[in-house]
$ cat run.json   # JSON, C-alpha atoms and all ligand atoms
[["chain", "number", "residue", "atom", "x", "y", "z"],
["C", 5, "MET", "CA", 129.24, 56.55, 71.12],
["C", 6, "SER", "CA", 132.93, 55.78, 71.35],
["C", 7, "PHE", "CA", 132.71, 54.06, 74.76],
["C", 8, "GLU", "CA", 129.71, 51.85, 73.91],
["C", 9, "GLY", "CA", 130.41, 48.40, 75.41],
["C", 10, "LYS", "CA", 133.35, 49.72, 77.48],
["C", 11, "LYS", "CA", 133.52, 49.67, 81.26],
["C", 12, "ILE", "CA", 135.35, 52.57, 82.92],
["C", 13, "VAL", "CA", 136.35, 52.80, 86.59],
["C", 14, "VAL", "CA", 136.82, 56.31, 88.01],
["C", 15, "LEU", "CA", 138.51, 56.40, 91.42],
["C", 16, "GLY", "CA", 137.68, 59.82, 92.83],
["C", 17, "GLY", "CA", 134.58, 59.88, 90.64],
["C", 18, "SER", "CA", 132.27, 61.51, 93.20],
["C", 19, "SER", "CA", 133.60, 65.03, 92.67],
["C", 20, "GLY", "CA", 135.49, 67.50, 90.54],
["C", 21, "ILE", "CA", 137.51, 66.16, 87.64],
["C", 22, "GLY", "CA", 136.58, 62.53, 88.34],
["C", 23, "LEU", "CA", 132.85, 63.26, 88.27],
["C", 24, "ALA", "CA", 133.29, 65.19, 85.01],
["C", 25, "ILE", "CA", 135.15, 62.20, 83.49],
["C", 26, "ALA", "CA", 132.33, 59.86, 84.54],
["C", 27, "LYS", "CA", 129.64, 62.18, 83.14],
["C", 28, "ALA", "CA", 131.42, 62.60, 79.81],
["C", 29, "ALA", "CA", 132.20, 58.88, 79.44],
["C", 30, "GLY", "CA", 128.60, 58.06, 80.38],
["C", 31, "ARG", "CA", 127.34, 60.36, 77.61],
["C", 32, "GLU", "CA", 129.47, 58.33, 75.19],
["C", 33, "GLY", "CA", 127.91, 55.05, 76.27],
["C", 34, "ALA", "CA", 130.39, 53.74, 78.87],
["C", 35, "LYS", "CA", 129.34, 51.51, 81.74],
["C", 36, "LEU", "CA", 130.70, 53.22, 84.83],
["C", 37, "VAL", "CA", 131.99, 52.42, 88.29],
["C", 38, "VAL", "CA", 132.73, 55.45, 90.50],
["C", 39, "ALA", "CA", 134.41, 55.22, 93.88],
["C", 40, "SER", "CA", 135.40, 57.59, 96.66],
["C", 41, "SER", "CA", 135.57, 57.40, 100.43],
["C", 42, "ASN", "CA", 132.30, 59.08, 101.36],
["C", 43, "GLN", "CA", 129.07, 57.10, 100.74],
["C", 44, "ALA", "CA", 126.90, 60.22, 100.81],
["C", 45, "ARG", "CA", 129.04, 61.90, 98.13],
["C", 46, "VAL", "CA", 129.00, 58.72, 96.04],
["C", 47, "ASN", "CA", 125.19, 58.65, 96.29],
["C", 48, "GLU", "CA", 124.99, 62.31, 95.23],
["C", 49, "ALA", "CA", 127.23, 61.58, 92.24],
["C", 50, "LEU", "CA", 125.08, 58.60, 91.21],
["C", 51, "LYS", "CA", 122.09, 60.94, 90.88],
["C", 52, "ARG", "CA", 124.04, 62.85, 88.22],
["C", 53, "LEU", "CA", 125.29, 59.79, 86.32],
["C", 54, "PRO", "CA", 123.49, 57.41, 83.95],
["C", 55, "PRO", "CA", 121.18, 54.73, 85.41],
["C", 56, "GLY", "CA", 123.12, 51.53, 86.03],
["C", 57, "THR", "CA", 126.27, 53.32, 87.20],
["C", 58, "GLU", "CA", 127.84, 51.48, 90.13],
["C", 59, "GLY", "CA", 129.01, 53.49, 93.13],
["C", 60, "GLN", "CA", 131.42, 52.24, 95.75],
["C", 61, "ALA", "CA", 132.53, 53.84, 99.02],
["C", 62, "VAL", "CA", 136.18, 52.84, 99.35],
["C", 63, "ASP", "CA", 139.08, 54.38, 101.24],
["C", 64, "LEU", "CA", 141.78, 54.46, 98.57],
["C", 65, "GLY", "CA", 144.37, 54.87, 101.29],
["C", 66, "ASN", "CA", 143.67, 51.24, 102.27],
["C", 67, "GLU", "CA", 145.40, 48.59, 100.14],
["C", 68, "ALA", "CA", 143.13, 45.74, 101.23],
["C", 69, "ALA", "CA", 140.06, 47.79, 100.32],
["C", 70, "ILE", "CA", 141.50, 48.52, 96.88],
["C", 71, "ALA", "CA", 142.26, 44.83, 96.31],
["C", 72, "ALA", "CA", 138.69, 43.91, 97.33],
["C", 73, "LEU", "CA", 137.24, 46.60, 95.06],
["C", 74, "PHE", "CA", 138.96, 45.28, 91.93],
["C", 75, "ALA", "CA", 138.23, 41.65, 92.84],
["C", 76, "GLN", "CA", 134.56, 42.66, 92.90],
["C", 77, "ILE", "CA", 134.65, 44.78, 89.71],
["C", 78, "GLY", "CA", 136.27, 42.04, 87.58],
["C", 79, "PRO", "CA", 137.23, 42.71, 83.94],
["C", 80, "PHE", "CA", 136.98, 46.29, 82.67],
["C", 81, "ASP", "CA", 138.53, 48.57, 80.06],
["C", 82, "HIS", "CA", 139.82, 51.89, 81.41],
["C", 83, "LEU", "CA", 140.87, 53.23, 84.82],
["C", 84, "ALA", "CA", 140.98, 56.94, 85.68],
["C", 85, "TYR", "CA", 142.52, 57.87, 89.02],
["C", 86, "THR", "CA", 141.70, 61.34, 90.37],
["C", 87, "ALA", "CA", 141.33, 60.64, 94.11],
["C", 88, "ALA", "CA", 142.99, 63.19, 96.35],
["C", 89, "ASP", "CA", 142.58, 64.87, 99.69],
["C", 90, "LYS", "CA", 142.98, 68.60, 100.22],
["C", 91, "LEU", "CA", 146.17, 70.41, 99.25],
["C", 92, "GLN", "CA", 148.91, 71.08, 101.80],
["C", 93, "LEU", "CA", 150.43, 74.42, 100.88],
["C", 94, "ASN", "CA", 153.16, 75.34, 103.35],
["C", 95, "ARG", "CA", 156.59, 76.86, 103.32],
["C", 96, "LEU", "CA", 159.20, 74.18, 104.03],
["C", 97, "ALA", "CA", 160.04, 75.74, 107.39],
["C", 98, "ASP", "CA", 156.41, 75.25, 108.47],
["C", 99, "THR", "CA", 156.09, 71.72, 107.06],
["C", 100, "ASP", "CA", 155.52, 68.90, 109.53],
["C", 101, "LEU", "CA", 157.12, 65.78, 108.06],
["C", 102, "ALA", "CA", 154.59, 63.27, 109.38],
["C", 103, "THR", "CA", 151.77, 65.28, 107.79],
["C", 104, "ALA", "CA", 153.83, 65.76, 104.64],
["C", 105, "ARG", "CA", 154.32, 62.00, 104.25],
["C", 106, "LYS", "CA", 150.55, 61.52, 104.47],
["C", 107, "PHE", "CA", 150.12, 63.87, 101.49],
["C", 108, "TYR", "CA", 151.54, 61.08, 99.29],
["C", 109, "GLU", "CA", 149.06, 58.51, 100.63],
["C", 110, "LEU", "CA", 146.24, 59.05, 98.14],
["C", 111, "ARG", "CA", 147.83, 60.90, 95.25],
["C", 112, "TYR", "CA", 150.83, 58.54, 94.92],
["C", 113, "TRP", "CA", 150.45, 55.34, 96.97],
["C", 114, "GLY", "CA", 146.71, 55.10, 96.29],
["C", 115, "ALA", "CA", 147.38, 55.42, 92.57],
["C", 116, "LEU", "CA", 150.15, 52.82, 92.69],
["C", 117, "ALA", "CA", 147.97, 50.37, 94.64],
["C", 118, "ALA", "CA", 145.01, 50.97, 92.33],
["C", 119, "VAL", "CA", 147.13, 50.16, 89.28],
["C", 120, "LYS", "CA", 148.57, 47.08, 91.02],
["C", 121, "TYR", "CA", 145.14, 45.56, 91.61],
["C", 122, "ALA", "CA", 143.38, 46.97, 88.53],
["C", 123, "SER", "CA", 145.88, 46.09, 85.83],
["C", 124, "PRO", "CA", 145.32, 42.28, 85.85],
["C", 125, "ASN", "CA", 141.62, 43.00, 85.14],
["C", 126, "ILE", "CA", 142.12, 45.41, 82.22],
["C", 127, "ARG", "CA", 140.92, 44.00, 78.93],
["C", 128, "PRO", "CA", 143.03, 44.11, 75.75],
["C", 129, "GLY", "CA", 143.06, 47.64, 74.33],
["C", 130, "GLY", "CA", 142.47, 49.13, 77.78],
["C", 131, "SER", "CA", 144.32, 51.91, 79.53],
["C", 132, "ILE", "CA", 145.09, 53.72, 82.76],
["C", 133, "VAL", "CA", 145.07, 57.51, 83.22],
["C", 134, "LEU", "CA", 146.65, 58.93, 86.38],
["C", 135, "THR", "CA", 146.64, 62.53, 87.63],
["C", 136, "SER", "CA", 149.55, 64.94, 87.97],
["C", 137, "GLY", "CA", 149.38, 68.74, 87.84],
["C", 138, "LEU", "CA", 151.01, 71.83, 86.40],
["C", 139, "ALA", "CA", 152.62, 72.47, 89.81],
["C", 140, "GLY", "CA", 155.14, 69.73, 89.00],
["C", 141, "LEU", "CA", 156.53, 71.94, 86.25],
["C", 142, "ARG", "CA", 155.68, 75.45, 87.50],
["C", 143, "PRO", "CA", 155.58, 75.39, 91.32],
["C", 144, "HIS", "CA", 155.07, 78.48, 93.44],
["C", 145, "ALA", "CA", 156.62, 78.93, 96.88],
["C", 146, "GLY", "CA", 154.78, 76.68, 99.32],
["C", 147, "TRP", "CA", 154.19, 73.97, 96.73],
["C", 148, "ALA", "CA", 157.05, 71.58, 97.61],
["C", 149, "LEU", "CA", 154.66, 68.71, 98.33],
["C", 150, "GLY", "CA", 152.21, 69.43, 95.53],
["C", 151, "ALA", "CA", 155.03, 69.75, 92.99],
["C", 152, "SER", "CA", 157.00, 66.73, 94.12],
["C", 153, "VAL", "CA", 154.02, 64.38, 94.17],
["C", 154, "CYS", "CA", 153.35, 65.41, 90.56],
["C", 155, "GLY", "CA", 156.94, 64.47, 89.70],
["C", 156, "ALA", "CA", 156.48, 61.13, 91.44],
["C", 157, "VAL", "CA", 153.24, 60.38, 89.57],
["C", 158, "GLU", "CA", 154.80, 61.33, 86.24],
["C", 159, "GLY", "CA", 157.79, 59.02, 86.84],
["C", 160, "LEU", "CA", 155.39, 56.27, 87.90],
["C", 161, "THR", "CA", 153.39, 56.78, 84.72],
["C", 162, "ARG", "CA", 156.43, 56.25, 82.50],
["C", 163, "ALA", "CA", 157.69, 53.25, 84.48],
["C", 164, "LEU", "CA", 154.28, 51.54, 84.47],
["C", 165, "ALA", "CA", 153.82, 52.21, 80.76],
["C", 166, "VAL", "CA", 156.98, 50.17, 80.20],
["C", 167, "GLU", "CA", 156.19, 47.46, 82.74],
["C", 168, "LEU", "CA", 152.49, 46.94, 81.99],
["C", 169, "ALA", "CA", 152.65, 47.16, 78.19],
["C", 170, "PRO", "CA", 150.57, 46.67, 76.12],
["C", 171, "ILE", "CA", 148.24, 48.33, 78.64],
["C", 172, "ARG", "CA", 148.70, 52.05, 77.95],
["C", 173, "VAL", "CA", 149.48, 54.19, 81.00],
["C", 174, "ASN", "CA", 149.26, 57.98, 80.76],
["C", 175, "ALA", "CA", 148.68, 60.97, 83.04],
["C", 176, "VAL", "CA", 146.88, 64.29, 82.78],
["C", 177, "ALA", "CA", 148.48, 67.39, 84.34],
["C", 178, "PRO", "CA", 145.78, 70.02, 84.88],
["C", 179, "GLY", "CA", 146.41, 73.66, 85.65],
["C", 180, "VAL", "CA", 144.01, 75.45, 88.01],
["C", 181, "VAL", "CA", 140.50, 74.03, 87.64],
["C", 182, "VAL", "CA", 137.30, 75.16, 89.35],
["C", 183, "SER", "CA", 136.52, 72.25, 91.68],
["C", 184, "PRO", "CA", 135.83, 71.36, 95.32],
["C", 185, "LEU", "CA", 139.59, 70.82, 95.74],
["C", 186, "TRP", "CA", 139.79, 74.52, 96.62],
["C", 187, "ASP", "CA", 136.89, 74.48, 99.11],
["C", 188, "ASP", "CA", 139.24, 74.86, 102.09],
["C", 189, "MET", "CA", 140.02, 78.43, 100.98],
["C", 190, "THR", "CA", 137.80, 81.29, 102.03],
["C", 191, "ALA", "CA", 135.30, 82.29, 99.34],
["C", 192, "VAL", "CA", 137.17, 85.57, 98.88],
["C", 193, "ASP", "CA", 140.56, 83.87, 98.45],
["C", 194, "ARG", "CA", 139.08, 81.33, 96.05],
["C", 195, "THR", "CA", 137.42, 83.98, 93.91],
["C", 196, "THR", "CA", 140.71, 85.91, 93.84],
["C", 197, "LEU", "CA", 142.64, 82.77, 92.82],
["C", 198, "TYR", "CA", 140.24, 82.06, 89.96],
["C", 199, "ARG", "CA", 140.18, 85.69, 88.79],
["C", 200, "GLN", "CA", 143.95, 86.15, 88.89],
["C", 201, "THR", "CA", 144.49, 82.79, 87.17],
["C", 202, "ALA", "CA", 142.04, 83.72, 84.41],
["C", 203, "GLU", "CA", 143.76, 87.08, 83.86],
["C", 204, "ARG", "CA", 147.20, 85.46, 83.60],
["C", 205, "LEU", "CA", 146.34, 82.49, 81.38],
["C", 206, "LEU", "CA", 146.64, 82.57, 77.60],
["C", 207, "VAL", "CA", 143.07, 81.24, 77.26],
["C", 208, "ARG", "CA", 141.79, 84.03, 79.61],
["C", 209, "HIS", "CA", 139.65, 81.74, 81.70],
["C", 210, "VAL", "CA", 140.20, 79.34, 84.58],
["C", 211, "GLY", "CA", 139.75, 75.66, 83.74],
["C", 212, "GLU", "CA", 136.44, 73.84, 84.09],
["C", 213, "THR", "CA", 136.37, 70.16, 85.06],
["C", 214, "GLU", "CA", 134.66, 69.33, 81.75],
["C", 215, "GLU", "CA", 137.59, 70.75, 79.79],
["C", 216, "VAL", "CA", 140.07, 68.61, 81.72],
["C", 217, "ALA", "CA", 137.88, 65.49, 81.56],
["C", 218, "GLU", "CA", 138.21, 65.60, 77.76],
["C", 219, "ALA", "CA", 141.94, 64.88, 78.13],
["C", 220, "TYR", "CA", 141.30, 61.69, 80.13],
["C", 221, "LEU", "CA", 138.77, 60.53, 77.55],
["C", 222, "TYR", "CA", 141.19, 61.30, 74.73],
["C", 223, "LEU", "CA", 143.93, 59.21, 76.36],
["C", 224, "MET", "CA", 141.52, 56.30, 76.86],
["C", 225, "ARG", "CA", 140.04, 56.50, 73.38],
["C", 226, "GLN", "CA", 143.13, 56.81, 71.22],
["C", 227, "THR", "CA", 145.50, 53.91, 70.83],
["C", 228, "TYR", "CA", 149.06, 55.19, 70.32],
["C", 229, "SER", "CA", 149.97, 57.24, 73.41],
["C", 230, "THR", "CA", 151.58, 55.62, 76.41],
["C", 231, "GLY", "CA", 153.94, 56.96, 79.06],
["C", 232, "THR", "CA", 152.68, 60.45, 78.17],
["C", 233, "VAL", "CA", 151.81, 63.35, 80.45],
["C", 234, "LEU", "CA", 149.17, 65.52, 78.79],
["C", 235, "ARG", "CA", 149.14, 69.08, 80.14],
["C", 236, "VAL", "CA", 145.76, 70.83, 80.14],
["C", 237, "ASP", "CA", 146.58, 74.18, 81.67],
["C", 238, "GLY", "CA", 145.22, 77.07, 79.60],
["C", 239, "GLY", "CA", 148.79, 77.89, 78.63],
["C", 240, "GLY", "CA", 149.84, 78.12, 82.30],
["C", 241, "ALA", "CA", 153.26, 76.57, 81.63],
["C", 242, "LEU", "CA", 154.08, 79.51, 79.32],
["C", 243, "VAL", "CA", 153.15, 82.49, 81.46],
["R", 301, "LIG", "N1", 141.30, 71.25, 90.82],
["R", 301, "LIG", "C1", 142.48, 71.70, 90.40],
["R", 301, "LIG", "O1", 142.69, 72.92, 90.24],
["R", 301, "LIG", "C2", 143.60, 70.73, 90.11],
["R", 301, "LIG", "C3", 144.75, 71.21, 89.47],
["R", 301, "LIG", "C4", 145.79, 70.33, 89.23],
["R", 301, "LIG", "C5", 145.70, 69.02, 89.64],
["R", 301, "LIG", "N2", 144.59, 68.60, 90.26],
["R", 301, "LIG", "C6", 144.55, 67.22, 90.74],
["R", 301, "LIG", "O2", 143.45, 66.55, 90.17],
["R", 301, "LIG", "C7", 143.01, 65.53, 91.09],
["R", 301, "LIG", "C8", 141.50, 65.66, 91.27],
["R", 301, "LIG", "O3", 141.23, 66.94, 91.81],
["R", 301, "LIG", "P1", 139.75, 67.52, 91.89],
["R", 301, "LIG", "O4", 139.87, 68.96, 91.63],
["R", 301, "LIG", "O5", 138.82, 66.69, 91.09],
["R", 301, "LIG", "O6", 139.47, 67.31, 93.46],
["R", 301, "LIG", "P2", 138.13, 66.98, 94.25],
["R", 301, "LIG", "O7", 136.94, 67.58, 93.58],
["R", 301, "LIG", "O8", 138.41, 67.35, 95.67],
["R", 301, "LIG", "O9", 137.99, 65.38, 94.13],
["R", 301, "LIG", "C9", 138.78, 64.52, 94.88],
["R", 301, "LIG", "C10", 138.11, 63.15, 94.92],
["R", 301, "LIG", "O10", 138.90, 62.29, 95.75],
["R", 301, "LIG", "C11", 138.00, 61.57, 96.62],
["R", 301, "LIG", "N3", 138.71, 61.16, 97.83],
["R", 301, "LIG", "C12", 139.21, 61.93, 98.83],
["R", 301, "LIG", "N4", 139.73, 61.16, 99.79],
["R", 301, "LIG", "C13", 139.55, 59.86, 99.38],
["R", 301, "LIG", "C14", 139.88, 58.59, 99.94],
["R", 301, "LIG", "N5", 140.52, 58.47, 101.14],
["R", 301, "LIG", "N6", 139.52, 57.49, 99.26],
["R", 301, "LIG", "C15", 138.86, 57.58, 98.09],
["R", 301, "LIG", "N7", 138.55, 58.74, 97.49],
["R", 301, "LIG", "C16", 138.89, 59.87, 98.14],
["R", 301, "LIG", "C17", 136.89, 62.60, 96.90],
["R", 301, "LIG", "O11", 135.68, 62.00, 97.32],
["R", 301, "LIG", "P3", 135.30, 61.66, 98.86],
["R", 301, "LIG", "O12", 135.40, 62.92, 99.64],
["R", 301, "LIG", "O13", 133.93, 61.11, 98.77],
["R", 301, "LIG", "O14", 136.26, 60.61, 99.32],
["R", 301, "LIG", "C18", 136.71, 63.18, 95.51],
["R", 301, "LIG", "O15", 135.88, 62.33, 94.74],
["R", 301, "LIG", "C19", 143.84, 65.73, 92.37],
["R", 301, "LIG", "O16", 144.95, 64.86, 92.35],
["R", 301, "LIG", "C20", 144.32, 67.16, 92.25],
["R", 301, "LIG", "O17", 145.51, 67.42, 92.97],
["R", 301, "LIG", "C21", 143.52, 69.40, 90.50]]
$ encode --input "run.json" --output "structure tokens" --more "lines below"
Ligand SMILES: NC(=O)c1ccc[n+]([C@@H]2O[C@H](COP(=O)([O-])OP(=O)(O)OC[C@H]3O[C@@H](n4cnc5c(N)ncnc54)[C@H](OP(=O)(O)O)[C@@H]3O)[C@@H](O)[C@H]2O)c1
Amino acid sequence: MSFEGKKIVVLGGSSGIGLAIAKAAGREGAKLVVASSNQARVNEALKRLPPGTEGQAVDLGNEAAIAALFAQIGPFDHLAYTAADKLQLNRLADTDLATARKFYELRYWGALAAVKYASPNIRPGGSIVLTSGLAGLRPHAGWALGASVCGAVEGLTRALAVELAPIRVNAVAPGVVVSPLWDDMTAVDRTTLYRQTAERLLVRHVGETEEVAEAYLYLMRQTYSTGTVLRVDGGGALV
């Protein structure tokens, strides 16, 4: 049980990749805190996580709420940040700038604020794992925001690895993963996305949250990587 005696905080832990991280870390003995904005979703997640897991409803777009969360949590070992709202996929000509700026609120500013208030509480040997995405490297048309926020998170990861050392700071860049992130699409469009992705990828299947969660656990568990972006994309960068 490699996380026995360790406390792990998963921001965005009520769903998708974050929930898979919490489940996997829980199986390896971690004490868990999961947080997201919706109390009902947090409660649902708690039913699927080990007894004793703490759940918090926190708007990670709110700096004061993030500060209060970490003041309450106190010392812990590893932070995973996967919180995000829905994707904004628009051609530039159709992009409203006020809405576009908001796209950075959770994925970038929320992550930065979380690290600001979490890092003083991280015990020796601890780490932070942020979330980027393959779109930063291989964007399609319409992905200007999705791609650029990945670039911002990856730059932030390297800068914080330098500044916060010896706390290790890394990021995971998933390719397409089956998760509620895509729930805004029609069922037909979503099925088509997953099928076409699976056909194109070298591994011949679309990612599952459990496969991506392994990368977060790896970056927490090992002791020599920092400032790294670990791509988990089924070979998507190569096709
Ligand atoms: N799924 C993919 O294919 C994929 C691919 C590449 C990168 N990624 C990235 O991976 C990350 C996680 O994606 P996912 O697939 O796990 O998405 P997801 O299933 O939609 O999970 C997003 C999480 O963020 C939480 N959240 C949303 N608004 C929040 C707020 N204001 N405050 C706090 N928490 C909030 C959600 O819970 P509540 O609704 O309860 O707040 C949920 O727990 C995202 O950054 C995404 O862009 C995903």
$ closest_atom_pairs --input "run.json" --of "segment 61-150 of chain C" --to "segment 211-226 of chain C" --cutoff "9 Å" --atoms "only C-alpha atoms" --output "tab-separated table"
residue	atom	partner	partner_atom	distance
C:Asp81	CA	C:Met224	CA	8.9
C:His82	CA	C:Met224	CA	6.6
C:Leu83	CA	C:Met224	CA	8.6
C:Ala84	CA	C:Tyr220	CA	7.3
C:Gly130	CA	C:Met224	CA	7.3
C:Ser131	CA	C:Met224	CA	5.9
C:Ile132	CA	C:Met224	CA	7.4
C:Val133	CA	C:Tyr220	CA	6.4
C:Leu134	CA	C:Tyr220	CA	8.7
$ residues_around --input "run.json" --residues "Arg111 of chain C" --least-positions-apart "6" --cutoff "9 Å" --atoms "only C-alpha atoms" --output "PyMOL selection string"
chain C and resi 85-89+135-136+153-154+157
$ closest_atom_pairs --input "run.json" --of "chain C" --to "ligand LIG 301 (chain R)" --cutoff "6 Å" --atoms "only C-alpha atoms and all ligand atoms" --output "CSV"
residue,atom,partner,partner_atom,distance
C:Gly16,CA,R:LIG301,O15,3.6
C:Gly17,CA,R:LIG301,O15,4.9
C:Ser18,CA,R:LIG301,O15,4.0
C:Ser19,CA,R:LIG301,O15,4.1
C:Gly20,CA,R:LIG301,O7,3.4
C:Ile21,CA,R:LIG301,O5,3.7
C:Gly22,CA,R:LIG301,O5,5.5
C:Ser40,CA,R:LIG301,N7,3.5
C:Ser41,CA,R:LIG301,O14,3.5
C:Asn42,CA,R:LIG301,O13,3.7
C:Arg45,CA,R:LIG301,O13,5.0
C:Val62,CA,R:LIG301,C15,5.6
C:Asp63,CA,R:LIG301,N6,3.7
C:Leu64,CA,R:LIG301,N6,3.8
C:Gly65,CA,R:LIG301,N5,5.3
C:Thr86,CA,R:LIG301,C8,4.4
C:Ala87,CA,R:LIG301,O10,3.4
C:Ala88,CA,R:LIG301,O10,4.2
C:Asp89,CA,R:LIG301,C12,4.6
C:Arg111,CA,R:LIG301,O16,5.7
C:Thr135,CA,R:LIG301,O16,5.5
C:Ser136,CA,R:LIG301,C5,5.9
C:Gly137,CA,R:LIG301,C5,4.1
C:Pro178,CA,R:LIG301,C4,4.4
C:Gly179,CA,R:LIG301,C3,4.8
C:Val180,CA,R:LIG301,O1,3.6
C:Val181,CA,R:LIG301,O1,3.6
C:Val182,CA,R:LIG301,N1,5.8
C:Ser183,CA,R:LIG301,O4,4.7
C:Pro184,CA,R:LIG301,O7,4.3
C:Leu185,CA,R:LIG301,O8,3.7
$ residues_near_point --input "run.json" --point "(152.9, 57.4, 73.1)" --cutoff "12 Å" --atoms "only C-alpha atoms" --output "count of residues only"
21
$ atom_distance --input "run.json" --atom1 "atom CA of Arg127 of chain C" --atom2 "atom CA of Leu164 of chain C"
16.3 Å
$ residues_around --input "run.json" --residues "Gly150 of chain C" --least-positions-apart "4" --cutoff "10 Å" --atoms "all atoms listed in the file" --output "MDAnalysis selection string"
chainID C and resid 91:94 104 107:108 111 136:140 143:144 146 154:155
$ residues_around --input "run.json" --residues "Tyr198 of chain C" --least-positions-apart "2" --cutoff "8 Å" --atoms "only C-alpha atoms" --output "PyMOL selection string"
chain C and resi 180+182+194-196+200-202+210
$ closest_residue --input "run.json" --among "C:Met189, C:Leu36, C:Ala145, C:Ala241" --to "Val13 of chain C" --atoms "all atoms listed in the file"
C:Leu36
$ atom_distance --input "run.json" --atom1 "atom CA of Ala28 of chain C" --atom2 "atom CA of Leu141 of chain C"
27.6 Å
$ atom_distance --input "run.json" --atom1 "atom CA of Ala151 of chain C" --atom2 "atom CA of Thr190 of chain C"
22.6 Å
$ residues_around --input "run.json" --residues "Arg235 of chain C" --least-positions-apart "2" --cutoff "6 Å" --atoms "only C-alpha atoms" --output "list in words"
Val176, Ala177, Pro178 and Asp237 of chain C
$ closest_residue --input "run.json" --among "C:Val46, C:Ala69, C:Ile12, C:Val207" --to "Ala29 of chain C" --atoms "all atoms listed in the file"
C:Ile12
$ residues_around --input "run.json" --residues "Leu73 of chain C" --least-positions-apart "3" --cutoff "9 Å" --atoms "all atoms listed in the file" --output "list of chain:residue names"
C:Gln60, C:Val62, C:Ala68, C:Ala69, C:Ile70, C:Gln76, C:Ile77, C:Gly78, C:Tyr121, C:Ala122
$ closest_residue --input "run.json" --among "C:Arg31, C:Pro54, C:Gly239, C:Leu110" --to "Glu203 of chain C" --atoms "all atoms listed in the file"
C:Gly239
$ closest_residue --input "run.json" --among "C:Leu160, C:Ala97, C:Leu23, C:Ile126" --to "Trp113 of chain C" --atoms "all atoms listed in the file"
C:Leu160
$ closest_residue --input "run.json" --among "C:Arg208, C:Lys90, C:Lys51, C:Arg199" --to "Lys27 of chain C" --atoms "all atoms listed in the file"
C:Lys51
$ decode --input "run.json" --residues "segment 210-223 of chain C" --atoms "N, CA and C atoms" --output "PDB file, in the first residue's frame"
ATOM      1  N   VAL C 210     -10.065   4.414 -26.804  1.00  0.00           N
ATOM      2  CA  VAL C 210     -10.105   5.734 -26.189  1.00  0.00           C
ATOM      3  C   VAL C 210      -9.755   5.580 -24.701  1.00  0.00           C
ATOM      4  N   GLY C 211      -9.169   6.620 -24.117  1.00  0.00           N
ATOM      5  CA  GLY C 211      -8.678   6.501 -22.747  1.00  0.00           C
ATOM      6  C   GLY C 211      -9.787   6.346 -21.722  1.00  0.00           C
ATOM      7  N   GLU C 212      -9.488   5.612 -20.677  1.00  0.00           N
ATOM      8  CA  GLU C 212     -10.388   5.504 -19.519  1.00  0.00           C
ATOM      9  C   GLU C 212      -9.758   6.303 -18.377  1.00  0.00           C
ATOM     10  N   THR C 213     -10.601   6.845 -17.503  1.00  0.00           N
ATOM     11  CA  THR C 213     -10.077   7.691 -16.426  1.00  0.00           C
ATOM     12  C   THR C 213      -9.067   6.925 -15.558  1.00  0.00           C
ATOM     13  N   GLU C 214      -9.299   5.601 -15.411  1.00  0.00           N
ATOM     14  CA  GLU C 214      -8.403   4.813 -14.564  1.00  0.00           C
ATOM     15  C   GLU C 214      -6.992   4.761 -15.154  1.00  0.00           C
ATOM     16  N   GLU C 215      -6.917   4.746 -16.477  1.00  0.00           N
ATOM     17  CA  GLU C 215      -5.597   4.692 -17.128  1.00  0.00           C
ATOM     18  C   GLU C 215      -4.830   5.991 -16.901  1.00  0.00           C
ATOM     19  N   VAL C 216      -5.563   7.108 -16.918  1.00  0.00           N
ATOM     20  CA  VAL C 216      -4.920   8.413 -16.743  1.00  0.00           C
ATOM     21  C   VAL C 216      -4.575   8.633 -15.264  1.00  0.00           C
ATOM     22  N   ALA C 217      -5.436   8.150 -14.376  1.00  0.00           N
ATOM     23  CA  ALA C 217      -5.195   8.320 -12.940  1.00  0.00           C
ATOM     24  C   ALA C 217      -3.850   7.715 -12.539  1.00  0.00           C
ATOM     25  N   GLU C 218      -3.483   6.610 -13.194  1.00  0.00           N
ATOM     26  CA  GLU C 218      -2.200   5.958 -12.888  1.00  0.00           C
ATOM     27  C   GLU C 218      -1.032   6.935 -13.028  1.00  0.00           C
ATOM     28  N   ALA C 219      -1.127   7.851 -14.000  1.00  0.00           N
ATOM     29  CA  ALA C 219      -0.030   8.794 -14.235  1.00  0.00           C
ATOM     30  C   ALA C 219       0.111   9.772 -13.057  1.00  0.00           C
ATOM     31  N   TYR C 220      -1.017  10.203 -12.517  1.00  0.00           N
ATOM     32  CA  TYR C 220      -0.968  11.104 -11.349  1.00  0.00           C
ATOM     33  C   TYR C 220      -0.330  10.369 -10.164  1.00  0.00           C
ATOM     34  N   LEU C 221      -0.759   9.117  -9.964  1.00  0.00           N
ATOM     35  CA  LEU C 221      -0.230   8.356  -8.836  1.00  0.00           C
ATOM     36  C   LEU C 221       1.267   8.119  -8.998  1.00  0.00           C
ATOM     37  N   TYR C 222       1.671   7.840 -10.230  1.00  0.00           N
ATOM     38  CA  TYR C 222       3.096   7.630 -10.511  1.00  0.00           C
ATOM     39  C   TYR C 222       3.899   8.884 -10.131  1.00  0.00           C
ATOM     40  N   LEU C 223       3.397  10.053 -10.540  1.00  0.00           N
ATOM     41  CA  LEU C 223       4.144  11.290 -10.282  1.00  0.00           C
ATOM     42  C   LEU C 223       4.157  11.637  -8.791  1.00  0.00           C
TER      43      LEU C 223
END
